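Input: a single structure, listed below in structure tokens.
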Amino acid sequence: MKLTRRDALTILSGASLATIISPLATMGTAVPDTAPCPFRLAVINDEIAQDFELACKIVAQDFALQWIELRSMWNKNITDLTPKEIADAQKILQQHNLRVTDIASPLFKTDWPGAPLSPESTPRDQFHADVDPNAQEQLLERCIALAKCFSTDRIRCFDYWRLANPRPYRDAINAKLRKAAERCTNDKIILLLENEMSCNTATGEEAAAVLQAIPNENFMLNWDPGNAAALGSTPFPTGYELLPKKRIGHCHAKDVTRNAEGKYDWQPVGGGTVDWVGQFRAFLRDGYHYAVSLETHWRGAGTPEASTRVSMEGLRKALASAGTHC
């Protein structure tokens with residue numbers, strides 16, 4: 001009998017997974033925070049390679065980082081990994097003394113039932129994520145179990161593919177997010193909503209409104225200035241100024257340009273329209289100290305690995321110009 005993805009999520013979620021894979025009790029303390037960088041500088045692993053060991057080696061040795069963000073590996077979304085693959089990933093992380101910033105899950109990156117999509121919406125996800133809209137609660141349980149396995153207190157989520165007119169559905173979407181945040185509270189997990197141009201919260205302005213509507217302390221923002229700029233907004237300073245600074249719990253770093261037709265192209269950090277130096281200075285001013293995770297997306301150097309190396313160089317230049325020592 002062949003299991004469906006929904007069946008697999010049910011079987012491998014929550015306590016079931018915890019009984020199969022023991023959490024890495026030492027992962028949260030294996031590497032002391034002695035580096036002078038004020039942020040948890042990281043890279044999303046699959047922006048380098050699907051070969052997880054290679055990605056970890058580059059992050060730890062070539063980039064000299066202590067943190068990594070997990071999204072997909074071995075051509076599987078992290079939520080699809082088998083118990084053995086999870087155990088293998090744990091061992092690789094230990095070998096390279098890497099800590100996990102968050103589980104970059106595809107939670108709620110799916111259709112809202114019965115609503116017409118916006119032209120900005122994307123009917124697919126390129127990171128090996130394709131979850132039944134009716135299986136989101138099971139997916140959340142799976143993500144909570146994975147967070148425990150990888151000793152992180154953060155799970156990334158979205159708020160459904162962008163709708164042509166989200167207003168009639170916004171309260172119901174917020175209710176879904178609020179319920180998920182309340183569920184995460186039981187396990188001391190922070191739920192991070194990413195502003196994503198293909199979803200209903202794309203800009204700083206939209207993120208500020210959602211954060212106001214959902215005041216749960218463990219519901220925070222994965223601030224992505226590049227995503228906001230891709231939709232044509234000005235993430236810094238305009239969008240950022242509207243955000244409640246204590247509700248920012250994660251940051252993705254990438255850059256983007258837009259042409260005269262309004263289409264966007266990804267760029268290495270420092271090569272686009274995002275004022276990253278200003279953003280990092282504002283982070284320092286406002287006491288932000290969580291992850292700054294490189295999400296390259298740009299592929300102009302030919303391969304994901306080569307492009308990430310170029311973008312990491314640009315990211316470090318921006319950090320240095322902002323006065324950090326990352």
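Convention: chains lettered A, B, ... in structure tokens order; per-chain residue numbering from 1; ligands numbered from 1 as shown.
When DSSP is run on the backbone, the residues of segment 81-115 of chain A that fall into helix (DSSP H, G or I) are Pro83, Lys84, Glu85, Ile86, Ala87, Asp88, Ala89, Gln90, Lys91, Ile92, Leu93, Gln94 and Gln95 of chain A.
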Can you write out the residues you just picked, keeping N, CA and C atoms, as a short mmCIF file (atom, residue, chain, number, x, y, z; two decimals), in the first residue's frame?
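Saved as result_33.cif:
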data_model
loop_
_atom_site.label_atom_id
_atom_site.label_comp_id
_atom_site.auth_asym_id
_atom_site.auth_seq_id
_atom_site.Cartn_x
_atom_site.Cartn_y
_atom_site.Cartn_z
N PRO A 83 12.74 9.48 8.89
CA PRO A 83 13.49 9.48 10.14
C PRO A 83 14.99 9.27 9.95
N LYS A 84 15.38 8.39 9.03
CA LYS A 84 16.80 8.17 8.80
C LYS A 84 17.46 9.43 8.23
N GLU A 85 16.77 10.09 7.30
CA GLU A 85 17.34 11.31 6.72
C GLU A 85 17.45 12.42 7.76
N ILE A 86 16.50 12.49 8.66
CA ILE A 86 16.59 13.47 9.75
C ILE A 86 17.80 13.16 10.63
N ALA A 87 17.98 11.89 10.96
CA ALA A 87 19.13 11.50 11.77
C ALA A 87 20.44 11.81 11.05
N ASP A 88 20.49 11.57 9.75
CA ASP A 88 21.69 11.89 8.98
C ASP A 88 21.97 13.40 9.00
N ALA A 89 20.91 14.18 8.85
CA ALA A 89 21.07 15.63 8.87
C ALA A 89 21.57 16.11 10.23
N GLN A 90 21.05 15.52 11.30
CA GLN A 90 21.51 15.88 12.64
C GLN A 90 23.00 15.62 12.80
N LYS A 91 23.45 14.46 12.32
CA LYS A 91 24.87 14.11 12.43
C LYS A 91 25.74 15.09 11.65
N ILE A 92 25.29 15.47 10.46
CA ILE A 92 26.06 16.41 9.64
C ILE A 92 26.15 17.76 10.34
N LEU A 93 25.06 18.22 10.92
CA LEU A 93 25.08 19.48 11.64
C LEU A 93 26.05 19.43 12.82
N GLN A 94 26.03 18.34 13.55
CA GLN A 94 26.95 18.18 14.68
C GLN A 94 28.41 18.18 14.22
N GLN A 95 28.67 17.49 13.13
CA GLN A 95 30.04 17.40 12.62
C GLN A 95 30.58 18.78 12.26
#
Could I get the residues of segment 52-169 of chain A with an atom no further than 12 Å from an atom of segment 173-190 of chain A, each paired with its nearest atom pair and that distance in Å to one decimal, using only C-alpha atoms, sorted by chain and residue number, as a Markdown table?
| residue | atom | partner | partner_atom | distance |
| --- | --- | --- | --- | --- |
| A:Thr101 | CA | A:Ile190 | CA | 11.4 |
| A:Asp102 | CA | A:Ile190 | CA | 9.3 |
| A:Ile103 | CA | A:Ile190 | CA | 10.6 |
| A:Leu107 | CA | A:Ala180 | CA | 9.9 |
| A:Phe108 | CA | A:Leu177 | CA | 8.7 |
| A:Lys109 | CA | A:Ile173 | CA | 11.9 |
| A:Thr110 | CA | A:Ile173 | CA | 11.8 |
| A:Asp111 | CA | A:Ile173 | CA | 11.1 |
| A:Trp112 | CA | A:Ile173 | CA | 8.3 |
| A:Pro113 | CA | A:Ile173 | CA | 10.7 |
| A:Ala115 | CA | A:Ile173 | CA | 11.9 |
| A:Gln136 | CA | A:Ala180 | CA | 9.6 |
| A:Glu137 | CA | A:Ala180 | CA | 8.0 |
| A:Gln138 | CA | A:Ala180 | CA | 11.1 |
| A:Leu139 | CA | A:Ala180 | CA | 10.8 |
| A:Leu140 | CA | A:Ala180 | CA | 7.6 |
| A:Glu141 | CA | A:Arg183 | CA | 9.0 |
| A:Arg142 | CA | A:Cys184 | CA | 11.6 |
| A:Cys143 | CA | A:Cys184 | CA | 9.9 |
| A:Ile144 | CA | A:Cys184 | CA | 7.4 |
| A:Ala145 | CA | A:Asp187 | CA | 9.5 |
| A:Leu146 | CA | A:Ile189 | CA | 11.2 |
| A:Ala147 | CA | A:Ile189 | CA | 8.1 |
| A:Lys148 | CA | A:Asp187 | CA | 8.8 |
| A:Ser151 | CA | A:Ile189 | CA | 10.6 |
| A:Thr152 | CA | A:Ile189 | CA | 8.2 |
| A:Asp153 | CA | A:Ile189 | CA | 4.8 |
| A:Arg154 | CA | A:Ile190 | CA | 4.7 |
| A:Ile155 | CA | A:Ile190 | CA | 6.4 |
| A:Arg156 | CA | A:Ile190 | CA | 8.6 |
| A:Cys157 | CA | A:Leu177 | CA | 8.9 |
| A:Phe158 | CA | A:Leu177 | CA | 8.8 |
| A:Asp159 | CA | A:Ile173 | CA | 6.9 |
| A:Tyr160 | CA | A:Ile173 | CA | 8.1 |
| A:Trp161 | CA | A:Ile173 | CA | 11.1 |
| A:Arg162 | CA | A:Ile173 | CA | 11.5 |
| A:Leu163 | CA | A:Ile173 | CA | 11.4 |
| A:Pro166 | CA | A:Ile173 | CA | 9.1 |
| A:Arg167 | CA | A:Ile173 | CA | 9.9 |
| A:Pro168 | CA | A:Ile173 | CA | 9.8 |
| A:Tyr169 | CA | A:Ile173 | CA | 6.2 |
Selection export as an mmCIF file, in the first residue's frame, atoms kept: C-alpha atoms:
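Final output, again-v2.cif:
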data_model
loop_
_atom_site.group_PDB
_atom_site.id
_atom_site.type_symbol
_atom_site.label_atom_id
_atom_site.label_comp_id
_atom_site.auth_asym_id
_atom_site.auth_seq_id
_atom_site.Cartn_x
_atom_site.Cartn_y
_atom_site.Cartn_z
ATOM 1 C CA THR A 101 17.969 29.245 12.889
ATOM 2 C CA ASP A 102 14.533 27.908 11.961
ATOM 3 C CA ILE A 103 12.529 25.381 9.997
ATOM 4 C CA LEU A 107 3.198 26.089 5.996
ATOM 5 C CA PHE A 108 0.163 27.912 4.559
ATOM 6 C CA LYS A 109 1.871 28.407 1.191
ATOM 7 C CA THR A 110 -1.159 27.043 -0.571
ATOM 8 C CA ASP A 111 -4.494 28.167 -2.040
ATOM 9 C CA TRP A 112 -7.206 29.803 0.022
ATOM 10 C CA PRO A 113 -10.352 27.800 -0.826
ATOM 11 C CA ALA A 115 -10.959 32.679 -3.877
ATOM 12 C CA GLN A 136 -2.037 22.266 6.938
ATOM 13 C CA GLU A 137 -2.764 21.346 10.560
ATOM 14 C CA GLN A 138 -0.910 18.076 10.089
ATOM 15 C CA LEU A 139 1.919 19.966 8.422
ATOM 16 C CA LEU A 140 2.131 22.288 11.433
ATOM 17 C CA GLU A 141 2.452 19.299 13.762
ATOM 18 C CA ARG A 142 5.205 17.934 11.558
ATOM 19 C CA CYS A 143 7.031 21.277 11.675
ATOM 20 C CA ILE A 144 6.796 21.458 15.459
ATOM 21 C CA ALA A 145 8.296 17.984 15.701
ATOM 22 C CA LEU A 146 11.089 18.978 13.304
ATOM 23 C CA ALA A 147 11.822 22.121 15.317
ATOM 24 C CA LYS A 148 12.332 19.935 18.373
ATOM 25 C CA SER A 151 16.714 22.332 18.470
ATOM 26 C CA THR A 152 15.229 25.523 17.089
ATOM 27 C CA ASP A 153 12.344 27.551 18.474
ATOM 28 C CA ARG A 154 11.251 29.011 15.109
ATOM 29 C CA ILE A 155 9.052 27.864 12.220
ATOM 30 C CA ARG A 156 8.576 29.935 9.059
ATOM 31 C CA CYS A 157 5.119 30.186 7.481
ATOM 32 C CA PHE A 158 3.159 32.157 4.872
ATOM 33 C CA ASP A 159 -0.430 33.362 4.520
ATOM 34 C CA TYR A 160 -1.680 31.643 1.346
ATOM 35 C CA TRP A 161 -1.121 32.415 -2.329
ATOM 36 C CA ARG A 162 -1.912 36.016 -3.122
ATOM 37 C CA LEU A 163 -5.564 36.755 -3.831
ATOM 38 C CA PRO A 166 -7.832 39.520 -0.049
ATOM 39 C CA ARG A 167 -10.076 41.853 1.979
ATOM 40 C CA PRO A 168 -13.127 39.550 2.135
ATOM 41 C CA TYR A 169 -10.893 36.721 3.367
#
Per residue of segment 41-86 of chain A within 7 Å of segment 301-320 of chain A, which atom pair is closest and at what distance in Å (one decimal), using only C-alpha atoms, listed by chain and increasing number, as JSON lines?
{"residue": "A:Glu47", "atom": "CA", "partner": "A:Pro304", "partner_atom": "CA", "distance": 5.9}
{"residue": "A:Ile48", "atom": "CA", "partner": "A:Glu305", "partner_atom": "CA", "distance": 4.4}
{"residue": "A:Ala49", "atom": "CA", "partner": "A:Glu305", "partner_atom": "CA", "distance": 6.4}
The distance between atom CA of Tyr264 of chain A and atom CA of Leu231 of chain A is 7.9 Å
